[in-house]
Amino acid sequence: MASDQGGSEDEPPSLLWGQDPVFSAYARLYVKDILQMKESLQVPGIYFYKNHPLFQVGVLGTVVYRREREDFYCYGVDDSTGVINCLCWKDEKWRDDGDSVKRGGSGGVFNVEEQLRKLRETQRSSCMLEIGDLLRVRGSLKTSREQREIMASSFYKVSDPVMDVQIARMLEIPQLYRDCYDKPFQALGSEVEASTTDAGGHPNFQSLLGQSVRILKKFLKEKEVAKFRPYDVEYLLHPLIQWPPRNTASGQEVTSAGPSFSTQVKNLLKETLKILQSEGEIFRKVLSPDELYNVTEQDKDLLAAIRDMIREDSKREKYAEKGCHVLHILSSVRQKYSRNLSREALEVALKFLECNSDIISTMDSHYTVL
Amino acid sequence: MLPSPAVFQFPWEINADQVKDGASMRTFGRLTSYFPAESRAVLTSQHMSVQHQVLVHTVFVEPFNPIIGAQYIALGEIDKAEGCDEATLRARVLNCVDGVNVALLQKAINEQRNFFKERNNKAGSQ
């Protein structure tokens with residue numbers, strides 16, 4: 001387990017830590033992981049889960065151990081994966097409880113002091129927990145005497161009579177790990193480094209993809225392209241991919257192990273078109289070997305077909321009041337225009353028509369014409 | 001000083017060999033009977049049309065307000081060394097959670113287990 005938490009040499013430089021959103025959040029990790037995380041060699045008090053730097057955590061669990069001192073409580077919190085000590089300081093204002101505030105006898109009148117006293121009492125009672133209570137605690141991590149603890153910055157008892165809160169957390173955290181904590185943190189600075197050193201360009205394929213999507217969208221919009229084939233736009237992506245390095249010494253071309261330039265461009269274009277299709281910006285009217293893409297917003301026939309279809313159907317009694325639902329529009333347009341039209345593309349087209357006031361939306365996902 | 005973490009176990013797993021003597025765990029079930037004189041309670045649950053029982057030793061959590069028929073969560077250590085064939089859970093915590101969505105709770109427990117299983121497999125394959 002300890003081995004896959006990343007060695008100290010994998011620590012990203014402290015200058016880049018702020019780029020990791022996990023760093024400035026209260027990481028909701030399993031207690032087990034909190035206890036096993038490595039402390040940073042650069043800055044004490046910073047810990048690493050995988051290569052995410054963090055120093056604050058948020059934990060929810062059952063109190064299984066409790067010790068009270070004059071100015072703090074020490075709660076052992078069990079989240080079913082581990083048990084961790086939480087140091088919870090008693091607030092200054094607790095000590096002069098009750099006595100200094102006179103009990104107002106004026107019944108019926110809103111008494112600020114009285115209300116304040118009640119508020120404090122509630123606050124205090126939510127901070128005094130017994131074994132078996134559910135505690136939510138947020139705070140920074142500290143290792144003292146070989147033991148990891150949470151120095152609580154806020155903590156309170158959670159009322160969870162039917163375990164809703166606990167169940168929600170149990171369902172949520174695995175997803176959080178998959179979406180966030182288990183994904184490696186890639187600092188922007190190191191990415192730039194990687195792209196200059198690594199000619200293959202594999203580690204930053206995602207950023208390359210983002211750039212090519214932007215380039216293609218800009219091109220389609222500026223030139224008002226209605227239809228295109230992949231080879232028409234391929235040249236646009238050439239600047240993104242570096243030419244294979246030439247061995248200047250011998251004048252020979254290096255036969256690199258990586259994919260050739262043209263396959264790299266083709267792959268990038270393929271992925272880019274996939275993204276544009278999934279966003280509905282483009283679609284293929286017919287699936288034929290001839291790869292022809294229609295640009296949704298520029299496809300006059302599609303727009304006219306949608307408009308006419310909504311106009312026709314809005315006259316029918318069934319749709320007169322609410323307008324046509326988007327799924328109804330989709331099935332009609334698929335029958336009349338292209339069986340291959342995606343819902344995303346239809347939504348892009350509907351939005352375009354709505355912006356031009358050709359159609360209006362009556363309510364969520366319903367459209368009509370005036 | 002701190003007790004070991006109490007992992008969720010299904011009531012039908014406790015008498016199987018999966019749970020070792022002295023292991024910390026938590027489980028759930030309906031309180032069907034309580035014998036204050038002996039500090040003993042029984043939690044019952046259904047699984048695959050079989051009724052399962054968990055014996056709970058309640059001396060650490062007394063006095064408590066027993067609501068017969070209500071769902072409870074028990075957290076404590078398993079005691080199997082008593083010579084009898086059924087394991088006893090020495091409860092440190094016994095909370096009434098009547099109204100809990102048991103199906104959802106089971107799903108959540110499985111979700112958490114799957115996550116750890118997946119992760120251990122990944123770590124093992126590396």
# chains A, B, ... in the order shown; residues from 1 in each chain; ligands from 1
call {"tool": "interface_residues", "arguments": {"of": "chain B", "to": "chain A", "cutoff": "12 Å", "atoms": "only C-alpha atoms", "output": "ChimeraX atom specification"}}
result
/B:1-9,24-28,60-61,70-76,91-126
call {"tool": "residues_around", "arguments": {"residues": "range 351-362 of chain A", "least_positions_apart": "4", "cutoff": "10 Å", "atoms": "only C-alpha atoms", "output": "mmCIF file with all heavy atoms, in the first residue's frame"}}
result
data_model
loop_
_atom_site.group_PDB
_atom_site.id
_atom_site.type_symbol
_atom_site.label_atom_id
_atom_site.label_comp_id
_atom_site.auth_asym_id
_atom_site.auth_seq_id
_atom_site.Cartn_x
_atom_site.Cartn_y
_atom_site.Cartn_z
ATOM 1 N N THR A 296 -23.724 21.540 -38.070
ATOM 2 C CA THR A 296 -25.120 21.645 -37.649
ATOM 3 C C THR A 296 -25.703 23.035 -37.887
ATOM 4 O O THR A 296 -26.761 23.187 -38.478
ATOM 5 C CB THR A 296 -25.228 21.293 -36.162
ATOM 6 O OG1 THR A 296 -24.481 20.111 -35.925
ATOM 7 C CG2 THR A 296 -26.667 21.084 -35.761
ATOM 8 N N GLU A 297 -24.969 24.058 -37.429
ATOM 9 C CA GLU A 297 -25.542 25.409 -37.496
ATOM 10 C C GLU A 297 -25.607 25.941 -38.917
ATOM 11 O O GLU A 297 -26.325 26.892 -39.194
ATOM 12 C CB GLU A 297 -24.717 26.355 -36.618
ATOM 13 C CG GLU A 297 -24.918 26.095 -35.153
ATOM 14 C CD GLU A 297 -24.258 27.155 -34.282
ATOM 15 O OE1 GLU A 297 -23.620 28.067 -34.827
ATOM 16 O OE2 GLU A 297 -24.391 27.048 -33.053
ATOM 17 N N GLN A 298 -24.823 25.353 -39.805
ATOM 18 C CA GLN A 298 -24.793 25.851 -41.175
ATOM 19 C C GLN A 298 -25.657 25.028 -42.115
ATOM 20 O O GLN A 298 -25.737 25.320 -43.296
ATOM 21 C CB GLN A 298 -23.342 25.842 -41.693
ATOM 22 C CG GLN A 298 -22.408 26.725 -40.919
ATOM 23 C CD GLN A 298 -22.753 28.198 -41.063
ATOM 24 O OE1 GLN A 298 -23.389 28.618 -42.024
ATOM 25 N NE2 GLN A 298 -22.358 28.987 -40.075
ATOM 26 N N LEU A 303 -32.089 23.001 -40.617
ATOM 27 C CA LEU A 303 -32.786 24.040 -39.874
ATOM 28 C C LEU A 303 -34.192 24.237 -40.417
ATOM 29 O O LEU A 303 -35.157 24.349 -39.660
ATOM 30 C CB LEU A 303 -31.995 25.351 -39.944
ATOM 31 C CG LEU A 303 -30.589 25.285 -39.317
ATOM 32 C CD1 LEU A 303 -29.853 26.602 -39.525
ATOM 33 C CD2 LEU A 303 -30.669 24.967 -37.838
ATOM 34 N N ALA A 304 -34.299 24.240 -41.748
ATOM 35 C CA ALA A 304 -35.621 24.418 -42.354
ATOM 36 C C ALA A 304 -36.518 23.244 -42.000
ATOM 37 O O ALA A 304 -37.705 23.431 -41.676
ATOM 38 C CB ALA A 304 -35.475 24.538 -43.871
ATOM 39 N N ILE A 306 -36.446 21.340 -39.376
ATOM 40 C CA ILE A 306 -36.883 21.427 -37.970
ATOM 41 C C ILE A 306 -37.983 22.487 -37.834
ATOM 42 O O ILE A 306 -39.024 22.247 -37.219
ATOM 43 C CB ILE A 306 -35.696 21.777 -37.049
ATOM 44 C CG1 ILE A 306 -34.645 20.667 -37.083
ATOM 45 C CG2 ILE A 306 -36.170 22.011 -35.625
ATOM 46 C CD1 ILE A 306 -33.391 20.994 -36.318
ATOM 47 N N ARG A 307 -37.730 23.641 -38.464
ATOM 48 C CA ARG A 307 -38.678 24.748 -38.339
ATOM 49 C C ARG A 307 -40.042 24.346 -38.899
ATOM 50 O O ARG A 307 -41.078 24.546 -38.280
ATOM 51 C CB ARG A 307 -38.120 25.963 -39.079
ATOM 52 C CG ARG A 307 -38.649 27.277 -38.572
ATOM 53 C CD ARG A 307 -37.816 28.418 -39.124
ATOM 54 N NE ARG A 307 -37.549 28.240 -40.549
ATOM 55 C CZ ARG A 307 -36.380 28.520 -41.126
ATOM 56 N NH1 ARG A 307 -35.374 28.955 -40.408
ATOM 57 N NH2 ARG A 307 -36.213 28.344 -42.425
ATOM 58 N N ILE A 310 -41.806 21.778 -36.668
ATOM 59 C CA ILE A 310 -42.404 22.351 -35.445
ATOM 60 C C ILE A 310 -43.639 23.180 -35.817
ATOM 61 O O ILE A 310 -44.668 23.121 -35.137
ATOM 62 C CB ILE A 310 -41.381 23.213 -34.675
ATOM 63 C CG1 ILE A 310 -40.214 22.340 -34.215
ATOM 64 C CG2 ILE A 310 -42.023 23.879 -33.473
ATOM 65 C CD1 ILE A 310 -39.132 23.088 -33.484
ATOM 66 N N ARG A 311 -43.528 23.907 -36.925
ATOM 67 C CA ARG A 311 -44.664 24.737 -37.331
ATOM 68 C C ARG A 311 -45.892 23.860 -37.609
ATOM 69 O O ARG A 311 -46.985 24.154 -37.161
ATOM 70 C CB ARG A 311 -44.303 25.555 -38.570
ATOM 71 C CG ARG A 311 -45.427 26.531 -38.960
ATOM 72 C CD ARG A 311 -45.032 27.412 -40.121
ATOM 73 N NE ARG A 311 -43.908 28.274 -39.812
ATOM 74 C CZ ARG A 311 -42.808 28.389 -40.568
ATOM 75 N NH1 ARG A 311 -42.688 27.677 -41.675
ATOM 76 N NH2 ARG A 311 -41.839 29.204 -40.236
ATOM 77 N N GLU A 321 -50.702 23.518 -27.034
ATOM 78 C CA GLU A 321 -50.506 24.279 -25.804
ATOM 79 C C GLU A 321 -49.038 24.347 -25.384
ATOM 80 O O GLU A 321 -48.466 25.413 -25.203
ATOM 81 C CB GLU A 321 -51.348 23.655 -24.702
ATOM 82 C CG GLU A 321 -51.469 24.567 -23.498
ATOM 83 C CD GLU A 321 -52.240 23.893 -22.380
ATOM 84 O OE1 GLU A 321 -52.976 22.921 -22.671
ATOM 85 O OE2 GLU A 321 -52.092 24.321 -21.238
ATOM 86 N N LYS A 322 -48.445 23.161 -25.284
ATOM 87 C CA LYS A 322 -47.086 23.105 -24.724
ATOM 88 C C LYS A 322 -46.001 23.244 -25.780
ATOM 89 O O LYS A 322 -44.859 23.519 -25.449
ATOM 90 C CB LYS A 322 -46.894 21.744 -24.047
ATOM 91 C CG LYS A 322 -47.410 21.651 -22.629
ATOM 92 C CD LYS A 322 -46.877 20.358 -22.090
ATOM 93 C CE LYS A 322 -47.378 19.947 -20.754
ATOM 94 N NZ LYS A 322 -46.956 18.559 -20.480
ATOM 95 N N GLY A 323 -46.320 22.969 -27.029
ATOM 96 C CA GLY A 323 -45.281 22.877 -28.038
ATOM 97 C C GLY A 323 -44.775 21.443 -28.128
ATOM 98 O O GLY A 323 -45.273 20.560 -27.431
ATOM 99 N N CYS A 324 -43.800 21.228 -28.988
ATOM 100 C CA CYS A 324 -43.305 19.862 -29.218
ATOM 101 C C CYS A 324 -42.154 19.560 -28.280
ATOM 102 O O CYS A 324 -41.249 20.378 -28.105
ATOM 103 C CB CYS A 324 -42.814 19.708 -30.649
ATOM 104 S SG CYS A 324 -44.034 20.198 -31.858
ATOM 105 N N HIS A 325 -42.153 18.370 -27.761
ATOM 106 C CA HIS A 325 -41.025 17.957 -26.923
ATOM 107 C C HIS A 325 -39.828 17.625 -27.802
ATOM 108 O O HIS A 325 -39.979 17.206 -28.949
ATOM 109 C CB HIS A 325 -41.414 16.734 -26.090
ATOM 110 C CG HIS A 325 -40.378 16.394 -25.056
ATOM 111 N ND1 HIS A 325 -39.418 15.443 -25.267
ATOM 112 C CD2 HIS A 325 -40.150 16.915 -23.829
ATOM 113 C CE1 HIS A 325 -38.643 15.374 -24.197
ATOM 114 N NE2 HIS A 325 -39.065 16.259 -23.311
ATOM 115 N N ALA A 345 -26.766 17.126 -31.665
ATOM 116 C CA ALA A 345 -26.806 17.990 -32.846
ATOM 117 C C ALA A 345 -28.151 18.696 -32.934
ATOM 118 O O ALA A 345 -28.217 19.893 -33.238
ATOM 119 C CB ALA A 345 -26.556 17.170 -34.099
ATOM 120 N N LEU A 346 -29.228 17.962 -32.633
ATOM 121 C CA LEU A 346 -30.546 18.591 -32.668
ATOM 122 C C LEU A 346 -30.601 19.736 -31.668
ATOM 123 O O LEU A 346 -31.137 20.817 -31.955
ATOM 124 C CB LEU A 346 -31.635 17.564 -32.338
ATOM 125 C CG LEU A 346 -33.035 18.165 -32.289
ATOM 126 C CD1 LEU A 346 -33.501 18.547 -33.684
ATOM 127 C CD2 LEU A 346 -34.029 17.224 -31.648
ATOM 128 N N GLU A 347 -30.024 19.518 -30.498
ATOM 129 C CA GLU A 347 -30.080 20.570 -29.488
ATOM 130 C C GLU A 347 -29.294 21.801 -29.919
ATOM 131 O O GLU A 347 -29.706 22.934 -29.654
ATOM 132 C CB GLU A 347 -29.613 20.024 -28.133
ATOM 133 C CG GLU A 347 -30.810 19.484 -27.376
ATOM 134 C CD GLU A 347 -30.474 18.579 -26.223
ATOM 135 O OE1 GLU A 347 -29.284 18.424 -25.906
ATOM 136 O OE2 GLU A 347 -31.432 18.017 -25.648
ATOM 137 N N HIS A 366 -39.382 21.951 -24.542
ATOM 138 C CA HIS A 366 -40.541 22.025 -25.442
ATOM 139 C C HIS A 366 -40.402 23.260 -26.320
ATOM 140 O O HIS A 366 -40.032 24.327 -25.828
ATOM 141 C CB HIS A 366 -41.853 22.126 -24.655
ATOM 142 C CG HIS A 366 -42.261 20.830 -24.025
ATOM 143 N ND1 HIS A 366 -41.651 20.335 -22.911
ATOM 144 C CD2 HIS A 366 -43.216 19.931 -24.375
ATOM 145 C CE1 HIS A 366 -42.215 19.185 -22.578
ATOM 146 N NE2 HIS A 366 -43.165 18.908 -23.457
ATOM 147 N N TYR A 367 -40.700 23.088 -27.617
ATOM 148 C CA TYR A 367 -40.514 24.204 -28.546
ATOM 149 C C TYR A 367 -41.766 24.407 -29.385
ATOM 150 O O TYR A 367 -42.492 23.467 -29.689
ATOM 151 C CB TYR A 367 -39.324 23.937 -29.472
ATOM 152 C CG TYR A 367 -38.019 23.888 -28.729
ATOM 153 C CD1 TYR A 367 -37.566 22.693 -28.182
ATOM 154 C CD2 TYR A 367 -37.257 25.035 -28.546
ATOM 155 C CE1 TYR A 367 -36.368 22.638 -27.480
ATOM 156 C CE2 TYR A 367 -36.064 24.992 -27.845
ATOM 157 C CZ TYR A 367 -35.626 23.787 -27.315
ATOM 158 O OH TYR A 367 -34.467 23.747 -26.621
ATOM 159 N N THR A 368 -41.972 25.680 -29.783
ATOM 160 C CA THR A 368 -43.090 25.986 -30.663
ATOM 161 C C THR A 368 -42.701 27.176 -31.538
ATOM 162 O O THR A 368 -41.629 27.767 -31.357
ATOM 163 C CB THR A 368 -44.364 26.294 -29.848
ATOM 164 O OG1 THR A 368 -45.454 26.417 -30.740
ATOM 165 C CG2 THR A 368 -44.229 27.581 -29.053
ATOM 166 N N VAL A 369 -43.544 27.509 -32.485
ATOM 167 C CA VAL A 369 -43.304 28.715 -33.282
ATOM 168 C C VAL A 369 -44.417 29.700 -32.980
ATOM 169 O O VAL A 369 -45.510 29.309 -32.569
ATOM 170 C CB VAL A 369 -43.280 28.420 -34.800
ATOM 171 C CG1 VAL A 369 -41.989 27.775 -35.189
ATOM 172 C CG2 VAL A 369 -44.466 27.587 -35.196
ATOM 173 N N LEU A 370 -44.112 30.974 -33.219
ATOM 174 C CA LEU A 370 -45.137 31.980 -32.950
ATOM 175 C C LEU A 370 -46.063 32.121 -34.153
ATOM 176 O O LEU A 370 -45.639 31.955 -35.280
ATOM 177 C CB LEU A 370 -44.477 33.324 -32.654
ATOM 178 C CG LEU A 370 -44.031 33.501 -31.208
ATOM 179 C CD1 LEU A 370 -43.440 34.876 -31.009
ATOM 180 C CD2 LEU A 370 -45.202 33.288 -30.246
#
call {"tool": "residues_around", "arguments": {"residues": "Gly69 in chain B", "least_positions_apart": "4", "cutoff": "9 Å", "atoms": "only C-alpha atoms", "output": "list in words"}}
result
Arg30, Leu31, Thr32, Ser33 and Asp98 of chain B
call {"tool": "select_by_dssp", "arguments": {"residues": "chain B", "states": "strand (DSSP E or B)", "output": "MDAnalysis selection string"}}
result
chainID B and resid 7:8 24:35 40:47 50:57 71:79 88:96
call {"tool": "select_by_dssp", "arguments": {"residues": "chain B", "states": "helix (DSSP H, G or I)", "output": "PyMOL selection string"}}
result
chain B and resi 11-13+36-38+59-61+102-125
call {"tool": "closest_residue", "arguments": {"among": "A:Met363, A:Cys127, A:Val233, A:Gln206", "to": "Lys218 in chain A", "atoms": "only C-alpha atoms"}}
result
A:Val233
call {"tool": "closest_residue", "arguments": {"among": "A:Glu146, A:Asn294, A:Gly58, A:Ala349", "to": "Phe228 in chain A", "atoms": "only C-alpha atoms"}}
result
A:Asn294
call {"tool": "atom_distance", "arguments": {"atom1": "CA of Ser314 in chain A", "atom2": "CA of Gln335 in chain A"}}
result
17.7 Å
call {"tool": "residues_around", "arguments": {"residues": "Arg339 in chain A", "least_positions_apart": "6", "cutoff": "12 Å", "atoms": "only C-alpha atoms", "output": "VMD selection string"}}
result
chain A and resid 283 to 287 302 330 to 333 346
call {"tool": "residues_around", "arguments": {"residues": "Glu77 in chain B", "least_positions_apart": "4", "cutoff": "6 Å", "atoms": "only C-alpha atoms", "output": "list in words"}}
result
Gly22, Ala23, Ser24, Leu89 and Arg90 of chain B
call {"tool": "atom_distance", "arguments": {"atom1": "CA of Lys90 in chain A", "atom2": "CA of Ser144 in chain A"}}
result
19.9 Å
